[in-house]
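> I'd like to ask you about the structure that follows.
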Amino acid sequence: MTDSAERKMRFLYALRSRGVTDIRVLTAMERIDRGAFVKGLFADRAYEDMPLPISCGQTISQPSVVALMTQALSVTPRDKVLEIGTGSGYQAAILSQLARRVYTVDRHRRLVREAQELFRALDLTNITAFTADGSFGLADQAPFDRIIVTAAAEDAPGPLLAQLKIGGIMVLPVGQSDTVQSLIKVTRHETGFDYEELGPVRFVPLVEGLGPE
């Protein structure tokens with residue numbers, strides 16, 4: 001077995017051992033090479049189940065968290081998905097394998113520009129990336145079947161709840177500090193919202209406004 005095949009097998013085994021059982025999600029994680037989204041000093045750690053630093057003081061989430069959030073989102077091939085927090089572009093790339101259309105926004109122009117270059121290089125044509133304040137969502141493209149937020153807010157932001165379709169699902173970390181956060185799944189119904197707690201996580205905070213670059 002080649003090094004890369006063995007590395008991929010260990011990578012998928014780590015995901016399964018953390019509770020990722022959805023075959024479509026595992027297939028997407030196998031197809032999208034995390035190594036393409038990790039640069040410089042940390043490139044050789046791309047296949048470890050850990051978060052890693054990227055530009056603009058942000059991080060690329062650990063693969064098991066990406067997979068568990070994606071699994072909780074229950075994306076179908078017809079879905080239009082909004083991601084808040086493009087970061088490296090890795091989560092959007094995974095979603096592109098599962099959804100009809102992915103819209104992703106980030107407050108840092110540099111991250112959006114670098115992610116767009118990667119999406120083009122990988123021929124991921126169903127992703128549209130914008131520089132925008134993610135706390136307001138993307139009203140022009142709403143409503144969305146699924147929304148995923150990769151930065152922690154104190155509560156689910158009102159504009160994002162409003163942009164979720166009836167029957168839609170949003171997955172996001174909530175918490176008042178960097179140390180105590182919970183991953184929650186929000187399902188919208190005709191009469192309101194259901195909240196389900198999925199477990200503890202740690203994410204960078206959701207910051208309003210655009211980044212400095």
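Starting from 1 in every chain, residues are counted up; chains themselves are A, B, ... following the order of the structure tokens, and ligands are numbered from 1 as listed.
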Per residue of stretch 59-153 of chain A within 9 Å of stretch 195-208 of chain A, which atom pair is closest and at what distance in Å (one decimal), using only C-alpha atoms, listed by chain and increasing number, as a Markdown table?


```
| residue | atom | partner | partner_atom | distance |
| --- | --- | --- | --- | --- |
| A:Thr59 | CA | A:Val204 | CA | 7.8 |
| A:Ser61 | CA | A:Phe203 | CA | 8.0 |
| A:Val65 | CA | A:Val201 | CA | 8.2 |
| A:Ala72 | CA | A:Leu198 | CA | 8.5 |
| A:Ile84 | CA | A:Leu206 | CA | 9.0 |
| A:Gly85 | CA | A:Leu206 | CA | 8.3 |
| A:Arg107 | CA | A:Glu208 | CA | 8.1 |
| A:Asp133 | CA | A:Glu208 | CA | 6.0 |
| A:Gly134 | CA | A:Glu208 | CA | 7.4 |
| A:Ser135 | CA | A:Glu208 | CA | 6.2 |
| A:Phe136 | CA | A:Glu208 | CA | 8.6 |
| A:Val149 | CA | A:Leu206 | CA | 8.6 |
| A:Thr150 | CA | A:Phe203 | CA | 7.0 |
| A:Ala151 | CA | A:Leu206 | CA | 4.7 |
| A:Ala152 | CA | A:Pro205 | CA | 4.6 |
| A:Ala153 | CA | A:Leu206 | CA | 5.4 |
```

> Write out, as a compact mmCIF listing (two decimals), in the first residue's frame, the residues just selected, with N, CA, C and O atoms.


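Wrote result13.txt, looks like this:
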```txt
# COMPACT_ATOMS: atom_id res chain seq x y z
N THR A 59 -8.55 29.46 11.40
CA THR A 59 -8.13 28.06 11.41
C THR A 59 -8.94 27.25 10.41
O THR A 59 -10.05 27.64 10.04
N SER A 61 -10.84 23.82 10.38
CA SER A 61 -11.36 22.94 11.44
C SER A 61 -10.82 21.53 11.29
O SER A 61 -10.44 21.10 10.20
N VAL A 65 -14.67 17.25 12.96
CA VAL A 65 -15.70 18.27 13.23
C VAL A 65 -16.39 18.68 11.93
O VAL A 65 -17.61 18.82 11.88
N ALA A 72 -24.65 16.23 10.36
CA ALA A 72 -25.82 16.78 11.05
C ALA A 72 -26.67 17.65 10.12
O ALA A 72 -27.89 17.79 10.32
N ILE A 84 -21.38 30.22 6.42
CA ILE A 84 -20.84 31.44 6.98
C ILE A 84 -19.45 31.13 7.53
O ILE A 84 -19.30 30.33 8.46
N GLY A 85 -18.43 31.75 6.94
CA GLY A 85 -17.05 31.50 7.36
C GLY A 85 -16.32 30.60 6.37
O GLY A 85 -16.08 29.43 6.65
N ARG A 107 -15.56 37.36 5.98
CA ARG A 107 -15.28 38.79 6.16
C ARG A 107 -13.88 39.17 5.70
O ARG A 107 -13.55 40.34 5.58
N ASP A 133 -20.25 40.37 5.49
CA ASP A 133 -20.45 40.18 6.92
C ASP A 133 -21.43 39.02 7.10
O ASP A 133 -22.63 39.17 6.89
N GLY A 134 -20.89 37.88 7.50
CA GLY A 134 -21.69 36.67 7.56
C GLY A 134 -22.82 36.70 8.58
O GLY A 134 -23.79 35.96 8.45
N SER A 135 -22.72 37.58 9.57
CA SER A 135 -23.78 37.62 10.59
C SER A 135 -25.12 38.07 10.01
O SER A 135 -26.18 37.85 10.61
N PHE A 136 -25.08 38.66 8.80
CA PHE A 136 -26.31 39.07 8.13
C PHE A 136 -26.76 38.07 7.06
O PHE A 136 -27.75 38.30 6.37
N VAL A 149 -22.61 27.37 9.98
CA VAL A 149 -21.82 28.49 10.48
C VAL A 149 -20.56 27.93 11.13
O VAL A 149 -20.65 27.06 12.00
N THR A 150 -19.41 28.40 10.69
CA THR A 150 -18.15 27.84 11.19
C THR A 150 -17.41 28.82 12.11
O THR A 150 -16.19 28.85 12.15
N ALA A 151 -18.19 29.64 12.81
CA ALA A 151 -17.66 30.53 13.85
C ALA A 151 -18.75 30.65 14.90
O ALA A 151 -19.94 30.55 14.59
N ALA A 152 -18.35 30.86 16.15
CA ALA A 152 -19.30 30.78 17.25
C ALA A 152 -19.93 32.14 17.57
O ALA A 152 -19.24 33.13 17.76
N ALA A 153 -21.28 32.15 17.66
CA ALA A 153 -22.02 33.31 18.12
C ALA A 153 -22.63 32.98 19.49
O ALA A 153 -22.68 31.82 19.89
```

> Just asking: which residues within stretch 13-203 of chain A are strand (DSSP E) according to DSSP, as number ranges by chain?

A: 52-53, 59-60, 80-84, 101-106, 127-131, 144-149, 164-174, 181-189, 192-201

> At a cut-off of 8 Å, using only C-alpha atoms, what residues contact stretch 29-37 of chain A? Leave out same-chain residues fewer than 5 positions from it and give the result as a PyMOL selection string.

chain A and resi 8+12+43-44+46-47+67+88-90+93-94+118

> Please save all heavy atoms of the selected residues as an mmCIF file, in the first residue's frame.


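See selection.cif below for the written result:
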```cif
data_model
loop_
_atom_site.group_PDB
_atom_site.id
_atom_site.type_symbol
_atom_site.label_atom_id
_atom_site.label_comp_id
_atom_site.auth_asym_id
_atom_site.auth_seq_id
_atom_site.Cartn_x
_atom_site.Cartn_y
_atom_site.Cartn_z
ATOM 1 N N LYS A 8 -4.812 7.975 3.678
ATOM 2 C CA LYS A 8 -6.246 8.179 3.428
ATOM 3 C C LYS A 8 -7.082 7.181 4.235
ATOM 4 O O LYS A 8 -8.126 7.522 4.787
ATOM 5 C CB LYS A 8 -6.533 8.035 1.927
ATOM 6 C CG LYS A 8 -7.930 8.445 1.535
ATOM 7 C CD LYS A 8 -8.081 8.546 0.028
ATOM 8 C CE LYS A 8 -7.597 9.872 -0.514
ATOM 9 N NZ LYS A 8 -7.934 10.070 -1.930
ATOM 10 N N LEU A 12 -9.865 8.206 7.087
ATOM 11 C CA LEU A 12 -11.280 7.793 7.092
ATOM 12 C C LEU A 12 -11.610 6.982 8.340
ATOM 13 O O LEU A 12 -12.707 7.093 8.892
ATOM 14 C CB LEU A 12 -11.614 7.001 5.820
ATOM 15 C CG LEU A 12 -11.552 7.826 4.529
ATOM 16 C CD1 LEU A 12 -11.675 6.931 3.311
ATOM 17 C CD2 LEU A 12 -12.645 8.889 4.517
ATOM 18 N N ALA A 43 1.569 21.848 6.202
ATOM 19 C CA ALA A 43 1.095 21.003 5.096
ATOM 20 C C ALA A 43 1.223 19.511 5.410
ATOM 21 O O ALA A 43 0.355 18.717 5.054
ATOM 22 C CB ALA A 43 1.847 21.352 3.817
ATOM 23 N N ASP A 44 2.308 19.138 6.103
ATOM 24 C CA ASP A 44 2.516 17.712 6.363
ATOM 25 C C ASP A 44 1.600 17.180 7.475
ATOM 26 O O ASP A 44 1.608 15.990 7.773
ATOM 27 C CB ASP A 44 3.986 17.430 6.708
ATOM 28 C CG ASP A 44 4.458 18.181 7.940
ATOM 29 O OD1 ASP A 44 3.782 19.171 8.307
ATOM 30 O OD2 ASP A 44 5.473 17.777 8.534
ATOM 31 N N ALA A 46 -1.737 17.841 7.341
ATOM 32 C CA ALA A 46 -3.079 18.008 6.770
ATOM 33 C C ALA A 46 -3.992 16.817 7.033
ATOM 34 O O ALA A 46 -5.217 16.958 7.052
ATOM 35 C CB ALA A 46 -2.973 18.259 5.266
ATOM 36 N N TYR A 47 -3.423 15.631 7.230
ATOM 37 C CA TYR A 47 -4.261 14.425 7.361
ATOM 38 C C TYR A 47 -4.433 13.996 8.816
ATOM 39 O O TYR A 47 -4.970 12.936 9.095
ATOM 40 C CB TYR A 47 -3.681 13.296 6.502
ATOM 41 C CG TYR A 47 -3.550 13.768 5.075
ATOM 42 C CD1 TYR A 47 -2.318 14.193 4.581
ATOM 43 C CD2 TYR A 47 -4.667 13.877 4.261
ATOM 44 C CE1 TYR A 47 -2.211 14.701 3.297
ATOM 45 C CE2 TYR A 47 -4.564 14.381 2.982
ATOM 46 C CZ TYR A 47 -3.339 14.789 2.499
ATOM 47 O OH TYR A 47 -3.246 15.301 1.234
ATOM 48 N N ALA A 67 -16.757 16.809 9.330
ATOM 49 C CA ALA A 67 -17.594 15.674 8.937
ATOM 50 C C ALA A 67 -18.848 15.568 9.796
ATOM 51 O O ALA A 67 -19.942 15.323 9.283
ATOM 52 C CB ALA A 67 -16.786 14.378 9.021
ATOM 53 N N SER A 88 -10.527 28.449 4.812
ATOM 54 C CA SER A 88 -9.673 27.866 3.766
ATOM 55 C C SER A 88 -10.468 27.422 2.548
ATOM 56 O O SER A 88 -9.912 27.194 1.477
ATOM 57 C CB SER A 88 -8.946 26.645 4.334
ATOM 58 O OG SER A 88 -9.898 25.617 4.603
ATOM 59 N N GLY A 89 -11.795 27.256 2.714
ATOM 60 C CA GLY A 89 -12.623 26.733 1.628
ATOM 61 C C GLY A 89 -12.897 25.240 1.739
ATOM 62 O O GLY A 89 -13.656 24.686 0.951
ATOM 63 N N TYR A 90 -12.295 24.599 2.728
ATOM 64 C CA TYR A 90 -12.406 23.128 2.849
ATOM 65 C C TYR A 90 -13.841 22.668 3.102
ATOM 66 O O TYR A 90 -14.335 21.758 2.429
ATOM 67 C CB TYR A 90 -11.485 22.659 3.972
ATOM 68 C CG TYR A 90 -11.476 21.164 4.219
ATOM 69 C CD1 TYR A 90 -11.152 20.269 3.195
ATOM 70 C CD2 TYR A 90 -11.760 20.633 5.472
ATOM 71 C CE1 TYR A 90 -11.115 18.897 3.422
ATOM 72 C CE2 TYR A 90 -11.719 19.265 5.707
ATOM 73 C CZ TYR A 90 -11.406 18.404 4.683
ATOM 74 O OH TYR A 90 -11.375 17.055 4.911
ATOM 75 N N ALA A 93 -15.930 23.030 0.011
ATOM 76 C CA ALA A 93 -15.575 22.001 -0.979
ATOM 77 C C ALA A 93 -16.257 20.671 -0.656
ATOM 78 O O ALA A 93 -16.762 19.983 -1.555
ATOM 79 C CB ALA A 93 -14.059 21.833 -1.032
ATOM 80 N N ILE A 94 -16.292 20.314 0.633
ATOM 81 C CA ILE A 94 -16.996 19.094 1.044
ATOM 82 C C ILE A 94 -18.481 19.210 0.698
ATOM 83 O O ILE A 94 -19.088 18.288 0.121
ATOM 84 C CB ILE A 94 -16.821 18.844 2.569
ATOM 85 C CG1 ILE A 94 -15.348 18.627 2.943
ATOM 86 C CG2 ILE A 94 -17.697 17.680 3.031
ATOM 87 C CD1 ILE A 94 -14.714 17.377 2.396
ATOM 88 N N LEU A 118 -8.653 28.090 -5.301
ATOM 89 C CA LEU A 118 -8.668 26.645 -5.079
ATOM 90 C C LEU A 118 -9.879 25.992 -5.718
ATOM 91 O O LEU A 118 -9.775 24.920 -6.325
ATOM 92 C CB LEU A 118 -8.681 26.351 -3.567
ATOM 93 C CG LEU A 118 -7.327 26.140 -2.902
ATOM 94 C CD1 LEU A 118 -7.492 26.062 -1.393
ATOM 95 C CD2 LEU A 118 -6.662 24.865 -3.415
#
```

> Could you name the residues that touch A:Arg16 at 12 Å or less, counting only C-alpha atoms, but leaving out those on the same chain fewer than 2 positions away, as a PyMOL selection string?

chain A and resi 9-14+18-23+25-27+29+49+63-65+67-68+71
